[in-house]
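Undergrad: Structure file coords36.txt, compact mmCIF, C-alpha atoms, is pasted below:
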# COMPACT_ATOMS: atom_id res chain seq x y z
CA LEU F 1 27.17 13.62 -12.42
CA VAL F 2 25.89 15.94 -9.69
CA ILE F 3 22.15 16.63 -9.70
CA SER F 4 21.04 19.74 -7.82
CA LYS F 5 18.10 19.23 -5.51
CA LYS F 6 17.00 22.82 -5.89
CA ASN F 7 15.44 22.38 -9.29
CA LYS F 8 12.97 19.50 -9.62
CA TYR F 9 12.19 20.25 -13.24
CA VAL F 10 15.84 20.00 -14.22
CA LYS F 11 16.10 16.83 -12.17
CA CYS F 12 13.30 15.13 -14.07
CA VAL F 13 14.73 16.11 -17.45
CA LEU F 14 18.18 14.86 -16.45
CA LEU F 15 16.76 11.55 -15.25
CA LEU F 16 15.13 10.95 -18.62
CA LEU F 17 18.33 11.85 -20.48
CA ILE F 18 20.38 9.57 -18.24
CA LEU F 19 17.98 6.69 -18.71
CA ALA F 20 17.91 7.16 -22.47
CA SER F 21 21.71 7.09 -22.67
CA CYS F 22 21.96 4.07 -20.39
CA SER F 23 19.59 2.04 -22.53
CA SER F 24 22.17 1.86 -25.28
CA THR F 25 25.46 1.83 -23.39
CA PRO F 26 26.40 -0.10 -20.21
CA LYS F 27 27.61 2.92 -18.22
CA ASN F 28 27.42 3.72 -14.53
CA LEU F 29 25.15 6.36 -13.11
CA ILE F 30 26.48 7.90 -9.90
CA THR F 31 24.29 10.07 -7.70
CA TYR F 32 25.66 12.24 -4.90
CA SER F 33 24.02 13.36 -1.69
CA ASP F 34 23.47 17.00 -0.83
CA GLN F 35 23.26 17.54 2.90
CA SER F 36 22.31 21.22 2.51
CA PHE F 37 18.86 19.96 1.56
CA THR F 38 18.07 19.31 5.25
CA LYS F 39 18.46 22.98 6.09
CA VAL F 40 15.17 23.67 4.32
CA PHE F 41 13.08 20.76 5.58
CA LYS F 42 12.79 19.71 9.23
CA ARG F 43 12.32 15.96 9.52
CA ASP F 44 10.65 14.30 12.50
CA LEU F 45 10.84 10.77 13.88
CA TYR F 46 7.96 9.68 11.67
CA ASP F 47 9.89 10.74 8.55
CA ILE F 48 13.10 9.13 9.74
CA SER F 49 11.51 5.77 10.60
CA ALA F 50 10.21 5.55 7.02
CA TYR F 51 13.82 4.91 5.87
CA ASN F 52 13.07 6.54 2.49
CA SER F 53 15.71 9.30 2.62
CA PHE F 54 18.85 9.75 4.70
CA PHE F 55 20.58 12.83 6.12
CA GLU F 56 23.30 13.46 8.72
CA ASN F 57 20.92 15.76 10.59
CA ASP F 58 18.66 12.76 11.25
CA LEU F 59 21.20 11.44 13.76
CA GLU F 60 20.93 14.68 15.72
CA THR F 61 17.14 14.47 15.72
CA ILE F 62 17.19 10.91 17.05
CA GLN F 63 19.72 11.77 19.75
CA ASP F 64 17.71 14.82 20.77
CA ILE F 65 14.66 12.62 21.36
CA ILE F 66 16.74 10.13 23.36
CA ASP F 67 18.17 12.90 25.53
CA ASN F 68 15.08 15.03 26.10
CA GLN F 69 11.96 12.85 26.01
CA LYS F 70 10.60 10.45 28.58
CA LEU F 71 10.76 7.02 26.97
CA THR F 72 9.86 3.48 27.89
CA GLN F 73 12.62 0.88 27.80
CA SER F 74 11.20 -0.51 24.55
CA GLU F 75 11.04 2.93 22.93
CA LEU F 76 14.61 3.66 23.98
CA GLN F 77 15.86 0.39 22.48
CA ASN F 78 14.00 1.07 19.22
CA LEU F 79 15.50 4.56 18.96
CA LYS F 80 19.00 3.28 19.63
CA LEU F 81 18.56 0.67 16.90
CA LEU F 82 17.24 3.35 14.52
CA LYS F 83 20.27 5.52 15.21
CA LYS F 84 22.66 2.57 14.80
CA ASN F 85 21.09 1.69 11.45
CA TYR F 86 21.32 5.27 10.19
CA GLN F 87 24.96 5.42 11.23
CA LYS F 88 25.72 2.28 9.23
CA ILE F 89 23.81 3.52 6.19
CA LEU F 90 25.33 7.02 6.20
CA ARG F 91 28.83 5.74 6.92
CA LYS F 92 29.06 3.66 3.73
CA ASP F 93 30.71 5.69 0.96
CA LYS F 94 29.22 3.85 -2.02
CA TYR F 95 26.35 1.51 -2.90
CA LEU F 96 26.04 -0.51 -6.10
CA ILE F 97 22.86 -1.53 -7.90
CA GLU F 98 23.18 -3.71 -11.00
CA LEU F 99 20.38 -3.40 -13.57
CA ASN F 100 19.62 -4.27 -17.16
CA PRO F 101 19.02 -1.09 -19.22
CA SER F 102 15.71 -2.63 -20.38
CA GLN F 103 14.58 -3.22 -16.80
CA LYS F 104 11.03 -1.98 -16.34
CA TYR F 105 10.69 0.81 -13.77
CA SER F 106 14.28 2.02 -14.33
CA GLU F 107 13.16 5.64 -14.41
CA GLU F 108 11.21 5.23 -11.17
CA LEU F 109 14.22 3.60 -9.52
CA ILE F 110 16.43 6.55 -10.47
CA GLU F 111 13.88 8.88 -8.89
CA LEU F 112 13.89 6.79 -5.72
CA ILE F 113 17.69 6.82 -5.62
CA TYR F 114 17.58 10.58 -5.83
CA GLN F 115 15.08 10.65 -2.97
CA PHE F 116 17.20 8.29 -0.82
CA ASN F 117 20.01 10.88 -0.88
CA LEU F 118 22.70 8.18 -0.77
CA PRO F 119 25.79 7.64 -3.01
CA ILE F 120 24.20 4.84 -5.04
CA ASN F 121 25.86 3.72 -8.27
CA ILE F 122 23.86 1.97 -10.97
CA SER F 123 25.83 -0.44 -13.09
CA TRP F 124 24.01 -1.00 -16.39
CA ASP F 125 24.58 -4.45 -17.89
CA GLU F 126 22.66 -5.69 -20.92
CA ASN F 127 23.42 -9.28 -19.92
CA LYS F 128 21.96 -8.83 -16.43
CA THR F 129 18.74 -10.70 -15.75
CA ASN F 130 15.86 -8.43 -14.77
CA VAL F 131 15.73 -8.50 -10.98
CA ILE F 132 12.41 -6.72 -10.49
CA PRO F 133 9.14 -8.40 -11.57
CA GLU F 134 6.91 -6.56 -14.01
CA ASN F 135 3.88 -7.11 -11.79
CA LEU F 136 5.01 -5.52 -8.55
CA LEU F 137 1.80 -6.20 -6.64
CA GLN F 138 1.25 -9.88 -7.43
CA LYS F 139 4.85 -11.08 -7.60
CA LYS F 140 7.29 -11.44 -4.73
CA ILE F 141 10.26 -9.08 -4.77
CA GLU F 142 13.72 -10.07 -3.58
CA GLY F 143 14.02 -10.34 0.19
CA PHE F 144 10.31 -10.48 1.02
CA CYS F 145 8.32 -13.41 2.36
CA ALA F 146 5.14 -12.61 0.43
CA THR F 147 3.66 -10.39 -2.27
CA LEU F 148 1.82 -7.17 -1.45
CA TYR F 149 -1.45 -8.82 -2.48
CA ASP F 150 -0.74 -11.80 -0.19
CA ASP F 151 0.00 -9.49 2.73
CA SER F 152 -3.23 -7.62 2.03
CA ILE F 153 -5.21 -10.88 2.16
CA ALA F 154 -3.50 -11.77 5.46
CA SER F 155 -4.65 -8.46 6.93
CA ILE F 156 -8.20 -9.01 5.68
CA ASN F 157 -8.28 -12.51 7.21
CA LYS F 158 -7.31 -11.07 10.60
CA GLU F 159 -9.98 -8.40 10.32
CA ILE F 160 -12.88 -10.65 9.35
CA SER F 161 -11.97 -13.13 12.11
CA LYS F 162 -12.65 -10.49 14.77
CA ILE F 163 -16.41 -11.15 14.71
CA SER F 164 -18.49 -14.25 14.01
CA GLY F 165 -21.19 -14.50 11.36
CA ALA F 166 -21.29 -15.54 7.72
CA ILE F 167 -19.05 -13.69 5.27
CA LEU F 168 -19.86 -12.94 1.63
CA VAL F 169 -16.87 -12.54 -0.69
CA ILE F 170 -17.48 -10.78 -4.01
CA PHE F 171 -14.69 -11.05 -6.56
CA SER F 172 -13.83 -10.16 -10.14
CA ASP F 173 -12.60 -12.88 -12.46
CA GLU F 174 -8.97 -11.68 -12.55
CA TYR F 175 -8.70 -12.23 -8.78
CA ALA F 176 -10.06 -15.79 -8.85
CA SER F 177 -6.76 -17.26 -7.67
CA ILE F 178 -6.53 -14.78 -4.79
CA VAL F 179 -10.03 -15.27 -3.42
CA ARG F 180 -9.18 -18.86 -2.48
CA ASN F 181 -6.89 -17.51 0.24
CA ILE F 182 -9.70 -15.76 2.11
CA ASN F 183 -10.45 -17.59 5.34
CA SER F 184 -11.93 -16.95 8.76
CA THR F 185 -11.27 -18.71 12.05
CA ASN F 186 -14.90 -18.59 13.16
CA SER F 187 -17.28 -17.97 10.25
CA LYS F 188 -18.70 -19.60 7.13
CA ILE F 189 -17.69 -18.01 3.83
CA TYR F 190 -19.87 -17.63 0.72
CA ILE F 191 -18.29 -16.66 -2.59
CA ALA F 192 -19.94 -14.75 -5.43
CA LYS F 193 -18.32 -13.85 -8.74
CA TYR F 194 -19.20 -10.43 -10.12
CA ASP F 195 -20.25 -11.13 -13.70
CA SER F 196 -22.88 -8.46 -14.33
CA ILE F 197 -22.95 -5.02 -15.93
CA ASN F 198 -25.59 -3.72 -13.51
CA PHE F 199 -24.31 -3.24 -9.98
CA GLN F 200 -27.77 -2.61 -8.48
CA GLU F 201 -29.25 -5.80 -9.93
CA PHE F 202 -26.22 -7.84 -8.92
CA ALA F 203 -26.32 -6.52 -5.34
CA GLY F 204 -30.06 -7.20 -5.10
CA GLU F 205 -29.54 -10.76 -6.28
CA ILE F 206 -26.68 -11.77 -3.98
CA LEU F 207 -28.23 -10.07 -0.93
CA GLY F 208 -31.51 -11.92 -1.40
CA ILE F 209 -33.55 -8.81 -2.23
CA ASN F 210 -34.87 -10.28 -5.46
CA LEU F 211 -35.87 -13.47 -3.64
CA SER F 212 -37.67 -11.42 -1.01
CA LYS F 213 -39.63 -9.59 -3.73
CA SER F 214 -40.54 -12.88 -5.39
CA ARG F 215 -41.94 -14.27 -2.14
CA PHE F 216 -43.98 -11.12 -1.60
CA LYS F 217 -45.54 -11.43 -5.06
CA LYS F 218 -46.54 -15.03 -4.35
CA ILE F 219 -48.12 -14.10 -1.03
CA SER F 220 -49.92 -11.11 -2.57
CA SER F 221 -51.36 -13.25 -5.36
CA LEU F 222 -53.16 -15.43 -2.79
CA ASN F 223 -55.39 -12.48 -1.88
CA PRO F 224 -55.15 -9.74 -4.53
CA ASN F 225 -57.80 -7.62 -2.78
CA GLN F 226 -55.75 -7.25 0.38
CA VAL F 227 -53.40 -4.27 0.55
CA MET F 228 -50.07 -5.33 2.06
CA SER F 229 -47.06 -3.20 2.93
CA PHE F 230 -43.71 -4.52 1.83
CA ASN F 231 -40.14 -3.69 2.73
CA PRO F 232 -37.66 -6.03 1.02
CA ARG F 233 -35.11 -7.50 3.39
CA SER F 234 -31.52 -8.46 2.67
CA ARG F 235 -30.02 -11.68 3.97
CA SER F 236 -29.87 -11.86 7.74
CA ASP F 237 -27.14 -14.49 7.96
CA ILE F 238 -24.46 -12.31 6.33
CA LYS F 239 -22.49 -10.09 8.71
CA GLN F 240 -19.51 -9.04 6.58
CA ILE F 241 -18.93 -8.44 2.89
CA VAL F 242 -15.41 -8.65 1.43
CA MET F 243 -14.83 -7.12 -2.00
CA ILE F 244 -11.92 -8.25 -4.17
CA LEU F 245 -12.62 -6.25 -7.30
CA LYS F 246 -11.03 -4.26 -10.08
CA PRO F 247 -10.12 -0.74 -8.91
CA GLN F 248 -12.84 0.97 -10.96
CA GLU F 249 -15.57 -1.37 -9.68
CA PHE F 250 -15.42 -0.35 -6.00
CA LYS F 251 -17.01 3.08 -6.52
CA ALA F 252 -20.15 1.49 -7.95
CA MET F 253 -20.30 -1.73 -5.92
CA ILE F 254 -20.17 -0.18 -2.44
CA PRO F 255 -23.13 2.22 -3.04
CA ALA F 256 -25.13 -0.61 -4.67
CA LEU F 257 -24.63 -2.88 -1.66
CA ARG F 258 -25.49 -0.06 0.73
CA TYR F 259 -28.65 0.74 -1.24
CA HIS F 260 -30.01 -2.72 -0.45
CA GLY F 261 -28.24 -3.52 2.82
CA GLY F 262 -27.64 -0.15 4.43
CA ASN F 263 -25.13 -0.30 7.26
CA LYS F 264 -26.12 -3.74 8.54
CA PHE F 265 -22.97 -5.24 6.99
CA LYS F 266 -19.30 -4.67 7.70
CA TYR F 267 -17.69 -3.84 4.36
CA VAL F 268 -14.07 -4.85 3.76
CA ASN F 269 -12.08 -3.83 0.66
CA PHE F 270 -9.11 -5.47 -1.00
CA ILE F 271 -6.01 -3.31 -1.50
CA SER F 272 -6.87 -2.96 -5.21
CA SER F 273 -9.36 -0.31 -4.05
CA LEU F 274 -6.36 2.03 -3.62
CA GLN F 275 -5.22 1.66 -7.22
CA ASP F 276 -6.09 4.17 -9.94
CA LEU F 277 -7.05 6.92 -7.48
CA ASN F 278 -6.09 10.38 -8.70
CA ASP F 279 -6.73 12.10 -5.39
CA LEU F 280 -6.68 10.90 -1.79
CA LYS F 281 -10.07 12.54 -1.26
CA GLU F 282 -11.61 9.94 -3.57
CA LEU F 283 -11.28 7.51 -0.66
CA ILE F 284 -14.28 9.19 0.95
CA ASP F 285 -16.38 7.21 -1.55
CA TYR F 286 -15.49 4.17 0.58
CA GLU F 287 -16.65 5.78 3.84
CA ASP F 288 -17.37 3.34 6.70
CA SER F 289 -15.62 0.46 4.93
CA TYR F 290 -12.34 -1.13 5.97
CA THR F 291 -9.28 -1.05 3.71
CA PRO F 292 -5.64 -2.19 4.05
CA ILE F 293 -3.86 1.16 4.41
CA SER F 294 -0.31 1.63 5.68
CA ILE F 295 0.29 3.99 8.59
CA PHE F 296 2.51 5.93 6.19
CA LEU F 297 -0.40 6.52 3.79
CA SER F 298 -2.88 7.35 6.56
CA LYS F 299 -0.46 10.01 7.79
CA LYS F 300 -0.30 11.33 4.23
CA ILE F 301 -4.08 11.57 4.23
CA GLN F 302 -4.23 13.31 7.63
CA ASN F 303 -1.67 15.85 6.45
CA GLN F 304 -4.08 16.60 3.58
CA ASP F 305 -1.48 15.76 0.99
CA SER F 306 -3.20 16.37 -2.34
CA THR F 307 -0.61 14.40 -4.30
CA SER F 308 -2.06 11.75 -6.62
CA ILE F 309 -1.65 8.22 -5.32
CA ASP F 310 -1.88 6.73 -8.77
CA PHE F 311 0.98 4.18 -8.94
CA PHE F 312 1.50 4.74 -5.19
CA LEU F 313 1.51 1.02 -4.33
CA GLU F 314 3.90 0.09 -7.16
CA TYR F 315 6.21 2.95 -6.21
CA GLY F 316 6.11 1.76 -2.61
CA VAL F 317 7.11 -1.79 -3.57
CA LEU F 318 10.02 -0.41 -5.62
CA GLY F 319 11.09 1.52 -2.53
CA ASP F 320 10.93 -1.71 -0.50
CA TRP F 321 13.21 -3.42 -3.03
CA LEU F 322 15.74 -0.57 -3.09
CA LEU F 323 15.83 -0.31 0.72
CA ASN F 324 16.48 -4.03 0.93
CA GLN F 325 19.59 -3.54 -1.25
CA VAL F 326 20.76 -0.66 0.96
CA PHE F 327 20.25 -2.65 4.17
CA LYS F 328 22.22 -5.62 2.83
CA GLN F 329 25.16 -3.53 1.65
CA ALA F 330 25.22 -1.37 4.80
CA GLY F 331 25.24 -4.42 7.06
CA VAL F 332 21.94 -3.64 8.80
CA GLN F 333 20.89 -6.65 10.88
CA SER F 334 17.31 -5.73 11.75
CA ALA F 335 14.92 -2.80 11.34
CA THR F 336 11.28 -1.84 11.64
CA VAL F 337 10.34 0.33 8.67
CA ASN F 338 7.31 2.61 8.59
CA GLY F 339 6.98 1.94 4.87
CA ALA F 340 4.63 3.14 2.17
CA THR F 341 3.25 -0.38 1.65
CA GLY F 342 3.04 -1.22 5.36
CA THR F 343 5.19 -1.82 8.41
CA VAL F 344 8.14 -3.89 7.21
CA PHE F 345 10.12 -6.03 9.65
CA TYR F 346 13.60 -6.49 8.20
CA ASN F 347 15.90 -9.28 9.38
CA SER F 348 19.15 -10.12 7.62
CA ASN F 349 18.80 -13.82 8.52
CA THR F 350 15.37 -14.36 7.00
CA CYS F 351 12.87 -12.86 4.58
CA ASN F 352 11.20 -9.53 5.32
CA LYS F 353 7.67 -9.56 6.71
CA ARG F 354 5.12 -6.84 5.98
CA ASN F 355 2.10 -5.93 8.07
CA ILE F 356 -0.62 -3.75 6.54
CA SER F 357 -3.02 -2.20 9.02
CA MET F 358 -6.76 -2.35 8.31
CA GLN F 359 -8.25 1.10 8.71
CA LYS F 360 -11.82 2.32 8.62
CA ILE F 361 -12.40 5.03 6.03
CA SER F 362 -14.08 7.88 7.85
CA SER F 363 -14.10 11.66 8.02
CA GLU F 364 -11.74 11.42 11.02
CA LEU F 365 -9.11 9.89 8.76
CA PHE F 366 -9.08 13.10 6.72
CA SER F 367 -8.65 15.39 9.71
CA SER F 368 -5.26 16.00 11.31
Mind turning the file's structure into C-alpha cells?

TA:
Amino acid sequence: LVISKKNKYVKCVLLLLILASCSSTPKNLITYSDQSFTKVFKRDLYDISAYNSFFENDLETIQDIIDNQKLTQSELQNLKLLKKNYQKILRKDKYLIELNPSQKYSEELIELIYQFNLPINISWDENKTNVIPENLLQKKIEGFCATLYDDSIASINKEISKISGAILVIFSDEYASIVRNINSTNSKIYIAKYDSINFQEFAGEILGINLSKSRFKKISSLNPNQVMSFNPRSRSDIKQIVMILKPQEFKAMIPALRYHGGNKFKYVNFISSLQDLNDLKELIDYEDSYTPISIFLSKKIQNQDSTSIDFFLEYGVLGDWLLNQVFKQAGVQSATVNGATGTVFYNSNTCNKRNISMQKISSELFSS
C-alpha cells in the first residue's frame, strides 16, 4: 500500500479503513517513504534533532552545518553523532512493529508511522499482548526509566529547591499518590487537598485570609466605636505554591490564589495543566507561573502554531515509544532527542531518561 503525502484527507480516510480491516484479520500494513516530500518543506537542525521524521536531505543539512558553521568541539561531536544515527536509521530497509488489532491508540500509531517517513511494517496478531499502556501519562512505556508524570515531578522538585521558604502543595484527590513524591532539599512542605466547590473561599482559607479576618473582628469588638482600617494578609511563611490539579481546575485556582496573595508567591503547575487545552494561547491564563514544558512545545508556541494541543502529551509519549523501537532495530547506541515530551537521553545499554524543562509562562514565550 502506497499512501500519497500530497493529500492529507485521503491519508486520514485510508488510515481508518486500514485499521478497520486489521481489527478483524491479522494482516501486515506496510508504509513507504516518499522523499519528494522534502522538496516542499525545508527542515532545520531543530526539526532534525526531534527525530520525529526522517529524510535523506537531512544528512545534507547536517553536513552543511558541520562544514560551514563555527562549532565548539562538543557541538561538532553532537552533530557527528546525529548524522551517524540518521545514516543508520535511513539505511535500514524495513522495520517491524508487532501489535494486537485491539491495541488502544492503533490509529494514532499509524499516523505517527506515516509522519516518521520510514518503511515500517505493522504485523497484526490477535494473540499479541498489548505493549502500550492505556494510561500513557501515569504508566511507564517500554524502554523508559520513569513515567511522564514522574519526570514532571522530578522537574518540579528541582525548581522548588532553587529557593528556600515554606512550600504549599495543593492537590486534587486523583493525584494523592503523586503528591507524596514532592520534596525540597531546603524547605518545609505543607499539603492541602482541594475539596471545595468555591475556589475563592478555598484559597482564602489555605492562605490564612479567613483567619486574618477573624482576628480583625475580635480586635474590633474590643472597641466598637473606634474606626480601624483593615487589609487582610495572606500567610507570610509560604514562598511557593505547587498545584497538582485536574486540568480544568487550574484556570480557576490560579486567579483565586492571586486574588488573595497577589504576586508574593511563586506558582508552580503540574504537567496536567497542559492537558485539555484546545489552543496554545490558553496558556496565557497561567501567566507568571512555572510549568513543565518541553523545548519542543515552547518552540511550537513561539512559532505561533495554532494547532490544538489536546492529546499532545499522549501523542508525544506514543512517539517516544515508536522512536524507541526504531532506535533498537536500527542499532542506534545513544542519542539526545529534542522530543515533544522533553529532552530524551537514549542509551541502548540502559533505560531512557527524560528531562522536562520548567518554563515561566509569560508574554515573551508567545513572541518569536

Undergrad: Calculate how many Å separate CA of Thr291 (chain F) from CA of Ser155 (chain F), rounding to one decimal.

TA: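 Interatomic distance here is 9.3 Å.
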
Undergrad: Could you give me, as a PyMOL selection string, the residues within 12 Å of Pro133 (chain F), counting only C-alpha atoms and dropping anything in the same chain fewer than 4 positions from it?

TA: chain F and resi 103-106+129+137-142+147+314+317-318+321

Undergrad: Using all atoms listed in the file, determine which residues lie at most 9 Å from region 293-296 of chain F, disregarding the query and same-chain residues fewer than 3 positions distant; provide the list as a ChimeraX atom specification.

TA: /F:46,50,271,274,290,299-301,338-343,355-359

Undergrad: Could those residues be written to a file, using C-alpha atoms, as a PDB file, in the frame of the given file?

TA:
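Output contents, as saved in selection21.pdb:
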ATOM      1  CA  TYR F  46       7.960   9.680  11.670  1.00  0.00           C
ATOM      2  CA  ALA F  50      10.210   5.550   7.020  1.00  0.00           C
ATOM      3  CA  ILE F 271      -6.010  -3.310  -1.500  1.00  0.00           C
ATOM      4  CA  LEU F 274      -6.360   2.030  -3.620  1.00  0.00           C
ATOM      5  CA  TYR F 290     -12.340  -1.130   5.970  1.00  0.00           C
ATOM      6  CA  LYS F 299      -0.460  10.010   7.790  1.00  0.00           C
ATOM      7  CA  LYS F 300      -0.300  11.330   4.230  1.00  0.00           C
ATOM      8  CA  ILE F 301      -4.080  11.570   4.230  1.00  0.00           C
ATOM      9  CA  ASN F 338       7.310   2.610   8.590  1.00  0.00           C
ATOM     10  CA  GLY F 339       6.980   1.940   4.870  1.00  0.00           C
ATOM     11  CA  ALA F 340       4.630   3.140   2.170  1.00  0.00           C
ATOM     12  CA  THR F 341       3.250  -0.380   1.650  1.00  0.00           C
ATOM     13  CA  GLY F 342       3.040  -1.220   5.360  1.00  0.00           C
ATOM     14  CA  THR F 343       5.190  -1.820   8.410  1.00  0.00           C
ATOM     15  CA  ASN F 355       2.100  -5.930   8.070  1.00  0.00           C
ATOM     16  CA  ILE F 356      -0.620  -3.750   6.540  1.00  0.00           C
ATOM     17  CA  SER F 357      -3.020  -2.200   9.020  1.00  0.00           C
ATOM     18  CA  MET F 358      -6.760  -2.350   8.310  1.00  0.00           C
ATOM     19  CA  GLN F 359      -8.250   1.100   8.710  1.00  0.00           C
TER      20      GLN F 359
END

Undergrad: Could you work out how far CA of Tyr95 (chain F) lies from CA of Phe345 (chain F), giving the answer in Å with one decimal?

TA: 21.9 Å

Undergrad: Set the distance at 9 Å and use all atoms listed in the file: which residues neighbour Phe311 (chain F) once local chain neighbours fewer than 6 positions away are removed? I'd like the list as number ranges by chain.

TA: F: 275-277

Undergrad: For a cut-off of 10 Å around (-25.4, -3.4, -4.1), file coordinates, pick out all residues using only C-alpha atoms and list them as a PDB file with C-alpha atoms, keeping the file's coordinate frame.

TA:
ATOM      1  CA  ASN F 198     -25.590  -3.720 -13.510  1.00  0.00           C
ATOM      2  CA  PHE F 199     -24.310  -3.240  -9.980  1.00  0.00           C
ATOM      3  CA  GLN F 200     -27.770  -2.610  -8.480  1.00  0.00           C
ATOM      4  CA  GLU F 201     -29.250  -5.800  -9.930  1.00  0.00           C
ATOM      5  CA  PHE F 202     -26.220  -7.840  -8.920  1.00  0.00           C
ATOM      6  CA  ALA F 203     -26.320  -6.520  -5.340  1.00  0.00           C
ATOM      7  CA  GLY F 204     -30.060  -7.200  -5.100  1.00  0.00           C
ATOM      8  CA  GLU F 205     -29.540 -10.760  -6.280  1.00  0.00           C
ATOM      9  CA  ILE F 206     -26.680 -11.770  -3.980  1.00  0.00           C
ATOM     10  CA  LEU F 207     -28.230 -10.070  -0.930  1.00  0.00           C
ATOM     11  CA  ILE F 209     -33.550  -8.810  -2.230  1.00  0.00           C
ATOM     12  CA  ALA F 252     -20.150   1.490  -7.950  1.00  0.00           C
ATOM     13  CA  MET F 253     -20.300  -1.730  -5.920  1.00  0.00           C
ATOM     14  CA  ILE F 254     -20.170  -0.180  -2.440  1.00  0.00           C
ATOM     15  CA  PRO F 255     -23.130   2.220  -3.040  1.00  0.00           C
ATOM     16  CA  ALA F 256     -25.130  -0.610  -4.670  1.00  0.00           C
ATOM     17  CA  LEU F 257     -24.630  -2.880  -1.660  1.00  0.00           C
ATOM     18  CA  ARG F 258     -25.490  -0.060   0.730  1.00  0.00           C
ATOM     19  CA  TYR F 259     -28.650   0.740  -1.240  1.00  0.00           C
ATOM     20  CA  HIS F 260     -30.010  -2.720  -0.450  1.00  0.00           C
ATOM     21  CA  GLY F 261     -28.240  -3.520   2.820  1.00  0.00           C
ATOM     22  CA  GLY F 262     -27.640  -0.150   4.430  1.00  0.00           C
TER      23      GLY F 262
END

Undergrad: Extract, using only C-alpha atoms, all DNA, RNA and protein residues at most 8 Å from Ala166 (chain F), discarding same-chain residues fewer than 5 positions from it, and format them as a PDB file with C-alpha atoms, keeping the file's coordinate frame.

TA:
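The result, stored in out.pdb:
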ATOM      1  CA  SER F 187     -17.280 -17.970  10.250  1.00  0.00           C
ATOM      2  CA  LYS F 188     -18.700 -19.600   7.130  1.00  0.00           C
ATOM      3  CA  ILE F 189     -17.690 -18.010   3.830  1.00  0.00           C
ATOM      4  CA  TYR F 190     -19.870 -17.630   0.720  1.00  0.00           C
ATOM      5  CA  ASP F 237     -27.140 -14.490   7.960  1.00  0.00           C
ATOM      6  CA  ILE F 238     -24.460 -12.310   6.330  1.00  0.00           C
ATOM      7  CA  LYS F 239     -22.490 -10.090   8.710  1.00  0.00           C
ATOM      8  CA  GLN F 240     -19.510  -9.040   6.580  1.00  0.00           C
TER       9      GLN F 240
END

Undergrad: What is the distance between CA of Gln115 (chain F) and CA of Gln69 (chain F), in Å to one decimal?

TA: 29.2 Å

Undergrad: May I have the protein, DNA and RNA residues with an atom at most 10 Å from (-8.5, 6.1, -4.8), counting all atoms listed in the file in the file's coordinates, returned as a list of chain:residue names?

TA: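 Taken together, the residues in range are F:Pro247, F:Gln248, F:Phe250, F:Lys251, F:Ser272, F:Ser273, F:Leu274, F:Gln275, F:Asp276, F:Leu277, F:Asn278, F:Asp279, F:Leu280, F:Lys281, F:Glu282, F:Leu283, F:Ile284, F:Asp285, F:Tyr286, F:Ser308, F:Ile309, F:Asp310.
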
Undergrad: Would you please work out which residue, of F:Phe54, F:Tyr114, F:Phe265, F:Tyr315, is nearest to Lys92 (chain F) when using all atoms listed in the file?

TA: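 For Lys92 (chain F), the nearest of the candidates is F:Phe54.
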